[in-house]
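Student: Before I ask anything, let me first share the structure, which is written out below as structure tokens.
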2 protein chains.
Amino acid sequence: MSRFAIGVDFGTESGRAVLVDMSDGRQVATAVSTYSHGVIDERLPLADREVLLPPDWAVQDPEDYLRVFEEAVPAVVAQAGVEARDVVGIGIDFTACTMLPTKADGTPLCVIPELRANPHAWVKLWKHHAAQPEADRINAVARATGQPWLDRYGGRISSEWFFSKALQILDEAPEVYRAADRLIEAADWVIWRLTGVESRNACTAGYKAMWSKRDGFPDPAYFGALDPRLANVIDEKMQRDIRFMGERAGGLSEEAATWTGLLPGTAVAVANVDAHVAAPASTVVEPGRMVMIMGTSTCHIVLSEGEHDVPGMCGYVEDGVIPGLFGYEAGQSCVGDHFSWFVEHAVPAAYQEEAQARGIDLHALLQEKAARLRVGQSGLMALDWWNGNRSVLVDAELGGLLIGATLATVPEEIYRALIEATAFGTRVIIETFEAHGVPVREIVACGGLAEKSPLIMQIYADVTGRPFRLSAADQTPALGAAMFGAVAAGEAAGGYATIQDAACAMARLKDDAYEPIAENVVIYELLYKEYLRLHDYFGRGENDVMKTLRRLRAQATAAEPVPAGH
Amino acid sequence: MSRFAIGVDFGTESGRAVLVDMSDGRQVATAVSTYSHGVIDERLPLADREVLLPPDWAVQDPEDYLRVFEEAVPAVVAQAGVEARDVVGIGIDFTACTMLPTKADGTPLCVIPELRANPHAWVKLWKHHAAQPEADRINAVARATGQPWLDRYGGRISSEWFFSKALQILDEAPEVYRAADRLIEAADWVIWRLTGVESRNACTAGYKAMWSKRDGFPDPAYFGALDPRLANVIDEKMQRDIRFMGERAGGLSEEAATWTGLLPGTAVAVANVDAHVAAPASTVVEPGRMVMIMGTSTCHIVLSEGEHDVPGMCGYVEDGVIPGLFGYEAGQSCVGDHFSWFVEHAVPAAYQEEAQARGIDLHALLQEKAARLRVGQSGLMALDWWNGNRSVLVDAELGGLLIGATLATVPEEIYRALIEATAFGTRVIIETFEAHGVPVREIVACGGLAEKSPLIMQIYADVTGRPFRLSAADQTPALGAAMFGAVAAGEAAGGYATIQDAACAMARLKDDAYEPIAENVVIYELLYKEYLRLHDYFGRGENDVMKTLRRLRAQATAAEPVPAGH
């Protein structure tokens with residue numbers, strides 16, 4: 001008799017449930033629930049008043065997450081035609097750091113009427129980039145006080161991370177900070193909603209909140225140096241008891257059982273992060289192979305037996321991905337988002353008409369045209385910083401750059417240059433890892449972009465000079481979440497004792513690999529040198545024009561209401 | 001009884017005739033003849049075979065120019081309802097350097113069947129940019145041999161100019177060079193066609209072919225050092241007898257009289273250049289006020305009593321614009337073309353639909369939206385080099401740059417940044433003039449862009465910190481051409497003795513001026529500093545990435561046929 005696990009992957013725009021056969025990882029059913037409010041970056045979705053968000057904000061409505069349990073989970077059970085009792089475990093993965101303030105019982109502050117119009121009461125999404133001043137302070141104080149944990153994070157804490165966002169709440173909305181009994185990752189919050197028990201996972205604690213298995217969190221003196229009111233943030237608003245991946249967070253509560261249609265008491269795994277669960281789901285449970293989860297942004301995970309300080313990386317966490325290994329993470333904050341921005345804002349009507357006439361989408365049309373260009377033929381180069389740079393510069397205030405345009409430049413040339421820019425960004429990450437003792441021989445890609453675009457994969461192979469394989473799963477993170485659900489259920493219940501065992505049975509790669517094409521590699525070597533020079537010139541402080549432009553933009557925007565439609 | 005003059009303005013895409021009342025400059029009638037082949041930059045318009053043009057080429061069909069005399073001139077005479085005998089003079093202005101090879105009788109080589117498929121037999125349009133290697137050689141040899149004329153041209157000869165183009169013919173198609181009895185500016189060629197007499201004008205000779213009133217052309221030793229076959233180019237294929245502006249080139253031939261419907265013998269003025277005739281037509285006949293002729297590109301003309309070497313300018317010519325003064329010229333090779341490129345290649349369907357629904361064009365829509373942005377609010381900056389840089393860098397191989405883009409960047413922000421970039425480019429030109437003894441207190445703008453866009457004019461006033469006035473004429477160059485026609489006719493025939501007299505009677509400014517707005521000036525000062533730094537970094541050799549990209553593009557393009565539709 002088959003046993004099943006459910007994985008729920010909370011993405012940027014929607015949540016997806018998959019029901020997986022635990023014996024072989026086969027995805028039996030899948031269902032998506034789109035967040036009704038999506039990414040909120042212009043104005044809060046309030047019926048009674050207009051609250052505009054400043055530039056660089058991105059928030060979400062936590063109620064949207066719960067609807068995924070109510071809609072997508074029952075849908076996959078129904079689709080698959082299985083009995084609730086055959087589903088023995090459930091796991092989730094989430095974007096991170098995506099965090100919110102709640103009351104002691106888990107009630108999000110943004111549902112409380114008197115706080116609802118305050119943007120700081122809402123969920124701050126991973127790509128909320130308005131906490132750069134706080135990140136700057138966190139880094140300056142850490143350097144000044146010689147914090148030993150700083151090197152684990154490449155020497156720089158990101159504006160996207162937990163305490164940057166928490167400190168922004170305190171700075172800009174002290175009343176929200178005061179009203180918050182808990183500051184919590186959305187990943188942990190949904191597990192709390194499922195089980196009725198608050199738990200905190202080692203992955204987000206380690207990668208986003210400066211926690212480590214050996215040293216715990218930074219001490220109150222450090223937090224107090226940032227702001228005296230922050231000194232006891234861990235004991236007042238968080239939790240020191242951190243749970244590891246694959247552990248059972250609890251059993252499904254009666255209430256959550258009614259949402260999902262599963263049995264009360266069903267094993268629920270400790271929360272996890274989308275990129276990190278993708279590693280075992282892509283067969284990567286050992287050093288030397290890097291996993292790239294390619295979607296709106298790209299996350300890179302690579303494992304190592306040793307502890308290495310790699311400058312500008314997101315960080316490494318002992319047991320943070322796979323027990324017994326150090327899991328290293330890097331990231332590119334603008335990949336699929338980059339191409340989507342282009343398609344939405346910069347592709348002329350004639351292309352749209354051609355795509356419509358042929359019944360394909362604009363990305364497909366542009367990739368088809370871009371694939372006809374030889375390497376170097378566009379005459380263009382871009383810096384992939386439309387959404388700042390996460391690794392290795394760790395600077396959300398950098399901006400995009402396109403260079404080399406002529407009056408003969410056509411859209412597919414720009415599109416290809418944007419793809420190449422993200423590939424160059426990946427190469428900077430790989431070379432930085434290798435220069436600091438973390439080898440990357442091969443890459444396993446997963447996620448929508450990797451699935452859909454042979455052109456993108458070939459460009460990445462050519463630019464990095466390394467073979468690219470693809471995860472066989474359609475929905476790799478969701479599979480990974482289900483695998484951890486299977487581990488949480490345990491061997492006795494038909495699950496697995498370890499994530500390695502689960503990977504061995506449930507994860508696979510596609511047969512085909514993208515190998516670097518020698519003649520392309522030669523030209524990309526030349527282009528990469530130029531990329532690196534621009535990268536360092538604009539990214540390492542020699543010319544801060546991007547920051548000056550951003551500062552002037554902020555001043556101009558503050559001087560008047562943001563125009564409608566902006 | 002009224003007397004009339006006709007001015008014919010040969011632009012990039014069409015020729016335009018205006019019939020002007022000589023007493024007051026009133027434009028009585030106007031007609032346009034669009035060139036049937038326009039700008040030829042992809043393939044030659046041959047029925048029997050496909051000849052693709054390499055990147056950076058731009059050629060034209062000389063037959064298109066003659067059709068302007070056959071279509072537009074009779075049209076204005078008919079429209080105005082005047083008698084042919086009341087038209088006492090005709091003048092023309094042309095883009096420059098736009099040149100072609102012909103036989104001794106003026107027959108263009110491209111109409112000769114055995115040469116028709118050779119692109120070098122066609123007219124090379126001003127914006128043909130494929131002669132950069134030849135320009136580099138012309139400059140290198142001039143510097144090495146200490147040519148005294150080099151400083152008159154800001155120390156650098158452009159790839160757009162006469163001998164760069166002539167030398168490219170010799171380099172790449174020696175058979176075309178050999179077959180050419182004459183190498184001639186299209187401006188002079190159309191006058192030859194009108195009068196049956198070959199003449200050469202001082203304006204194009206001075207600004208584009210290194211000639212001066214005092215020293216004539218460079219000597220044969222210099223040309224021989226470029227290529228021995230070029231040593232006697234002046235005596236073999238050109239003419240040393242140079243005629244000045246306002247002189248009578250001849251009378252209308254019998255054949256040309258049948259084309260135009262005018263009387264044989266009607267006074268025809270020596271050929272002239274669009275930008276240069278615009279100066280007196282904009283009332284500028286004295287130092288201190290700069291004329292900007294704003295169209296696909298912008299040309300700047302300013303007069304001075306003295307002789308000053310201004311680095312990076314197009315050049316100065318004694319008596320080249322107005323007798324008795326030195327006429328200084330500068331240029332920006334990508335202005336209207338810049339905005340047109342953007343509208344054609346980078347504006348999404350939603351904007352096109354909005355413009356259509358409102359019955360306005362995309363430029364108007366984008367300018368309306370861009371006008372709502374405060375200075376600095378776009379967060380963007382561009383270098384206006386989509387078509388290279390004419391002044392002050394004199395380098396056709398530079399490319400465009402856009403910096404500061406984010407995922408929130410919208411089309412009108414980019415559009416505004418492109419406008420601002422051209423304004424910054426203008427400011428570089430003004431400051432370079434002033435730093436070298438040629439003052440610019442006020443600007444008079446003319447041309448379609450200036451007419452149509454208050455936003456552009458205000459941005460230019462704010463960026464340069466100087467008032468902008470507008471020429472009152474709808475078609476300033478055509479008016480200027482007619483004014484020179486009136487001078488060619490002479491006082492006795494109801495024309496004028498001098499161009500100053502003609503300007504006094506026939507030229508006027510609009511009443512309104514665009515004055516700099518103080519709060520905008522302050523922010524543009526900051527942005528201009530950033531622009532200058534990027535301008536010098538990428539434009540003066542510190543980082544030659546634009547040239548590397550262009551070289552790789554040329555190599556990739558040469559490696560295979562240019563894809564269809566490119």
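Following the order of the structure tokens, first chain is A, next is B, and so on, with residues numbered from 1 inside each chain and ligands from 1 in the order they appear.
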Show which residues sit within 8 Å of stretch 291-304 of chain A, as a short mmCIF file (atom, residue, chain, number, x, y, z; two decimals) with N, CA, C and O atoms, in the first residue's frame. Count only C-alpha atoms, and ignore same-chain residues fewer than 4 positions away.
Tutor:
```cif
data_model
loop_
_atom_site.label_atom_id
_atom_site.label_comp_id
_atom_site.auth_asym_id
_atom_site.auth_seq_id
_atom_site.Cartn_x
_atom_site.Cartn_y
_atom_site.Cartn_z
N ALA A 275 14.84 27.37 -1.05
CA ALA A 275 16.10 27.02 -1.69
C ALA A 275 16.74 25.82 -0.99
O ALA A 275 17.31 24.94 -1.65
N HIS A 276 16.67 25.81 0.31
CA HIS A 276 17.41 24.81 1.07
C HIS A 276 16.79 23.43 0.93
O HIS A 276 17.51 22.43 0.86
N ALA A 278 15.44 22.43 -1.64
CA ALA A 278 15.67 22.00 -3.02
C ALA A 278 16.96 21.20 -3.17
O ALA A 278 17.11 20.42 -4.12
N ALA A 279 17.90 21.38 -2.25
CA ALA A 279 19.17 20.66 -2.38
C ALA A 279 18.95 19.14 -2.34
O ALA A 279 19.26 18.46 -3.32
N SER A 282 17.14 17.80 -5.20
CA SER A 282 17.92 17.77 -6.46
C SER A 282 19.05 16.75 -6.37
O SER A 282 20.01 16.84 -7.13
N VAL A 284 21.31 16.54 -4.19
CA VAL A 284 22.58 17.08 -3.64
C VAL A 284 22.59 16.93 -2.12
O VAL A 284 21.91 17.67 -1.41
N VAL A 285 23.32 15.93 -1.66
CA VAL A 285 23.47 15.74 -0.22
C VAL A 285 24.96 15.63 0.13
O VAL A 285 25.30 15.20 1.23
N GLU A 286 25.82 16.04 -0.82
CA GLU A 286 27.27 15.95 -0.60
C GLU A 286 27.98 17.19 -1.18
O GLU A 286 27.41 17.90 -2.00
N PRO A 287 29.25 17.45 -0.82
CA PRO A 287 29.99 18.61 -1.33
C PRO A 287 30.25 18.54 -2.84
O PRO A 287 30.17 17.47 -3.45
N LEU A 325 26.83 18.51 7.66
CA LEU A 325 27.60 19.33 6.71
C LEU A 325 27.31 20.81 6.95
O LEU A 325 26.26 21.17 7.49
N PHE A 326 28.26 21.63 6.52
CA PHE A 326 28.02 23.06 6.50
C PHE A 326 27.31 23.40 5.19
O PHE A 326 27.79 23.01 4.12
N GLY A 327 26.20 24.10 5.29
CA GLY A 327 25.46 24.50 4.10
C GLY A 327 25.75 25.96 3.80
O GLY A 327 25.50 26.83 4.62
N TYR A 328 26.30 26.20 2.59
CA TYR A 328 26.64 27.58 2.18
C TYR A 328 25.57 28.09 1.24
O TYR A 328 25.13 27.39 0.34
N GLU A 329 25.20 29.35 1.45
CA GLU A 329 24.16 29.94 0.62
C GLU A 329 24.66 31.22 -0.03
O GLU A 329 25.36 32.02 0.59
N ALA A 330 24.30 31.40 -1.30
CA ALA A 330 24.52 32.68 -1.96
C ALA A 330 23.22 33.03 -2.69
O ALA A 330 22.30 32.20 -2.75
N GLY A 331 23.15 34.21 -3.26
CA GLY A 331 21.91 34.57 -3.93
C GLY A 331 22.07 35.68 -4.94
O GLY A 331 22.99 36.48 -4.87
N GLN A 332 21.17 35.66 -5.92
CA GLN A 332 21.05 36.76 -6.88
C GLN A 332 19.61 37.26 -6.78
O GLN A 332 18.67 36.48 -7.01
N SER A 333 19.45 38.52 -6.48
CA SER A 333 18.12 39.01 -6.11
C SER A 333 17.26 39.37 -7.31
O SER A 333 16.11 39.75 -7.14
N CYS A 334 17.78 39.26 -8.50
CA CYS A 334 17.00 39.70 -9.67
C CYS A 334 17.31 38.80 -10.86
O CYS A 334 18.26 39.03 -11.60
N VAL A 335 16.51 37.76 -11.05
CA VAL A 335 16.75 36.87 -12.19
C VAL A 335 15.46 36.78 -13.02
O VAL A 335 15.27 37.53 -13.97
N GLY A 336 14.53 35.94 -12.63
CA GLY A 336 13.26 35.93 -13.36
C GLY A 336 12.58 37.29 -13.32
O GLY A 336 11.98 37.73 -14.30
N ASP A 337 12.69 37.96 -12.19
CA ASP A 337 12.13 39.31 -12.06
C ASP A 337 12.70 40.26 -13.11
O ASP A 337 12.02 41.18 -13.56
N HIS A 338 13.95 40.03 -13.42
CA HIS A 338 14.66 40.85 -14.38
C HIS A 338 14.00 40.73 -15.75
O HIS A 338 13.69 41.72 -16.41
N VAL A 438 35.62 26.33 -1.18
CA VAL A 438 34.37 25.59 -1.36
C VAL A 438 34.24 25.27 -2.86
O VAL A 438 33.80 26.10 -3.64
N VAL A 440 33.12 23.96 -6.57
CA VAL A 440 31.86 23.82 -7.32
C VAL A 440 32.22 23.21 -8.68
O VAL A 440 32.69 23.88 -9.57
N ILE A 443 26.78 22.01 -11.60
CA ILE A 443 25.62 22.72 -11.07
C ILE A 443 24.35 21.92 -11.38
O ILE A 443 24.18 21.39 -12.48
N VAL A 444 23.48 21.83 -10.40
CA VAL A 444 22.15 21.26 -10.62
C VAL A 444 21.15 22.40 -10.50
O VAL A 444 21.09 23.08 -9.48
N ALA A 445 20.42 22.65 -11.57
CA ALA A 445 19.45 23.74 -11.57
C ALA A 445 18.04 23.21 -11.41
O ALA A 445 17.73 22.10 -11.85
N CYS A 446 17.22 23.99 -10.76
CA CYS A 446 15.81 23.65 -10.68
C CYS A 446 15.01 24.94 -10.64
O CYS A 446 15.57 26.02 -10.55
N GLY A 447 13.72 24.82 -10.74
CA GLY A 447 12.87 26.01 -10.75
C GLY A 447 12.38 26.30 -12.16
O GLY A 447 12.89 25.77 -13.15
N GLY A 448 11.39 27.18 -12.23
CA GLY A 448 10.70 27.44 -13.49
C GLY A 448 11.62 27.89 -14.61
O GLY A 448 11.52 27.41 -15.75
N LEU A 449 12.52 28.80 -14.32
CA LEU A 449 13.39 29.32 -15.37
C LEU A 449 14.25 28.22 -15.98
O LEU A 449 14.45 28.16 -17.18
N ALA A 450 14.78 27.37 -15.11
CA ALA A 450 15.67 26.29 -15.58
C ALA A 450 14.88 25.31 -16.44
O ALA A 450 15.35 24.86 -17.48
#
```
Student: Enumerate, in order of chain and increasing residue number, the residues of chain A with an atom no farther than 7 Å from chain B, each with its shortest atom pair and distance in Å to one decimal, counting only C-alpha atoms, as a tab-separated table.
Tutor:
```
residue	atom	partner	partner_atom	distance
A:Trp341	CA	B:Leu407	CA	6.0
A:Glu344	CA	B:Pro348	CA	6.8
A:His345	CA	B:Pro348	CA	5.6
A:Ala346	CA	B:Ala346	CA	4.3
A:Val347	CA	B:Pro348	CA	5.0
A:Pro348	CA	B:Pro348	CA	4.5
A:Ala349	CA	B:Ala349	CA	4.1
A:Gln352	CA	B:Ala349	CA	7.0
A:Arg374	CA	B:Ala556	CA	6.0
A:Val375	CA	B:Ala556	CA	6.8
A:Gly376	CA	B:Arg553	CA	5.2
A:Gln377	CA	B:Arg553	CA	4.2
A:Ser378	CA	B:Arg553	CA	6.2
A:Gly379	CA	B:Leu549	CA	4.8
A:Leu380	CA	B:Leu549	CA	6.5
A:Trp386	CA	B:Thr406	CA	4.1
A:Asn387	CA	B:Thr406	CA	5.8
A:Gly399	CA	B:Gly404	CA	4.3
A:Gly400	CA	B:Ala405	CA	4.5
A:Leu401	CA	B:Ile403	CA	4.3
A:Leu402	CA	B:Leu402	CA	5.2
A:Ile403	CA	B:Leu401	CA	4.3
A:Gly404	CA	B:Gly399	CA	4.3
A:Ala405	CA	B:Gly400	CA	4.5
A:Thr406	CA	B:Trp386	CA	4.1
A:Leu407	CA	B:Trp386	CA	5.6
A:Val410	CA	B:His345	CA	6.2
A:Pro411	CA	B:His345	CA	6.3
A:Glu530	CA	B:Val545	CA	6.3
A:Val545	CA	B:Glu530	CA	6.4
A:Met546	CA	B:Gly404	CA	5.5
A:Leu549	CA	B:Gly379	CA	4.8
A:Arg550	CA	B:Gly379	CA	5.4
A:Leu552	CA	B:Gly376	CA	5.3
A:Arg553	CA	B:Gln377	CA	4.2
A:Ala556	CA	B:Gln377	CA	5.0
A:Thr557	CA	B:Gln377	CA	6.0
```
Student: Neighbouring residues of stretch 116-124 of chain A were defined as those with any atom within 9 Å, considering only C-alpha atoms; residues of the same chain fewer than 4 positions away were excluded. Please report them as a PyMOL selection string.
Tutor: chain A and resi 44+46+49-53+57-62+97-102+108-112+128+165+168-169+172-173+176-177+180+186
Student: At a cut-off of 12 Å, using only C-alpha atoms, what residues contact A:Leu455? Leave out same-chain residues fewer than 5 positions from it and give the result as JSON, numbers by chain.
Tutor: {"A": [363, 364, 365, 366, 367, 368, 369, 370, 371, 372, 373, 374, 375, 415, 416, 419, 420, 423, 449, 450, 460, 461, 462, 514]}
Student: Suppose you want the space between atom CA of B:Ser33 and atom CA of B:Arg67; what is it in Å?
Tutor: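 Between atom CA of B:Ser33 and atom CA of B:Arg67 the gap is 7.3 Å.
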Student: What gap, in Å, lies between atom CA of B:Asp136 and atom CA of B:Ile157?
Tutor: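 Taking atom CA of B:Asp136 and atom CA of B:Ile157, their separation equals 8.2 Å.
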Student: Quick one: pick out all helix (DSSP H, G or I) residues within stretch 287-508 of chain A from a backbone DSSP run and write them as a count of residues only.
Tutor: 96
Student: Select, from A:Gly261, A:Gly11, A:Gly216, A:Pro280, the residue with the minimum atom-to-atom distance to A:Leu509, counting only C-alpha atoms.
Tutor: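 Going through A:Gly261, A:Gly11, A:Gly216, A:Pro280 one by one, the smallest distance to A:Leu509 is for A:Pro280.
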Student: When DSSP is applied to the backbone of this structure, which of stretch 127-353 of chain B are assigned strand (DSSP E)? Write them out as a VMD selection string.
Tutor: chain B and resid 182 to 185 200 to 201 242 to 243 248 to 251 267 to 269 272 to 273 288 to 294 298 to 304 315 to 318 326 to 332
Student: In Å, how far is it from atom CA of A:Thr426 to atom CA of A:Asp512?
Tutor: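 Interatomic distance here is 21.1 Å.
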Student: Go through B:Ala435, B:Ile456, B:Ile138, B:Ala187 one by one, measure the shortest atom-to-atom distance of each to B:Leu66 using only C-alpha atoms, and give the residue with the smallest value.
Tutor: B:Ala187
Student: Check the smallest atom-to-atom distance from each of B:Met313, B:Ala144, B:Ala269, B:Ala80 to B:Tyr207 using only C-alpha atoms, then report the winner.
Tutor: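 Among the listed residues, the smallest separation from B:Tyr207 belongs to B:Met313.
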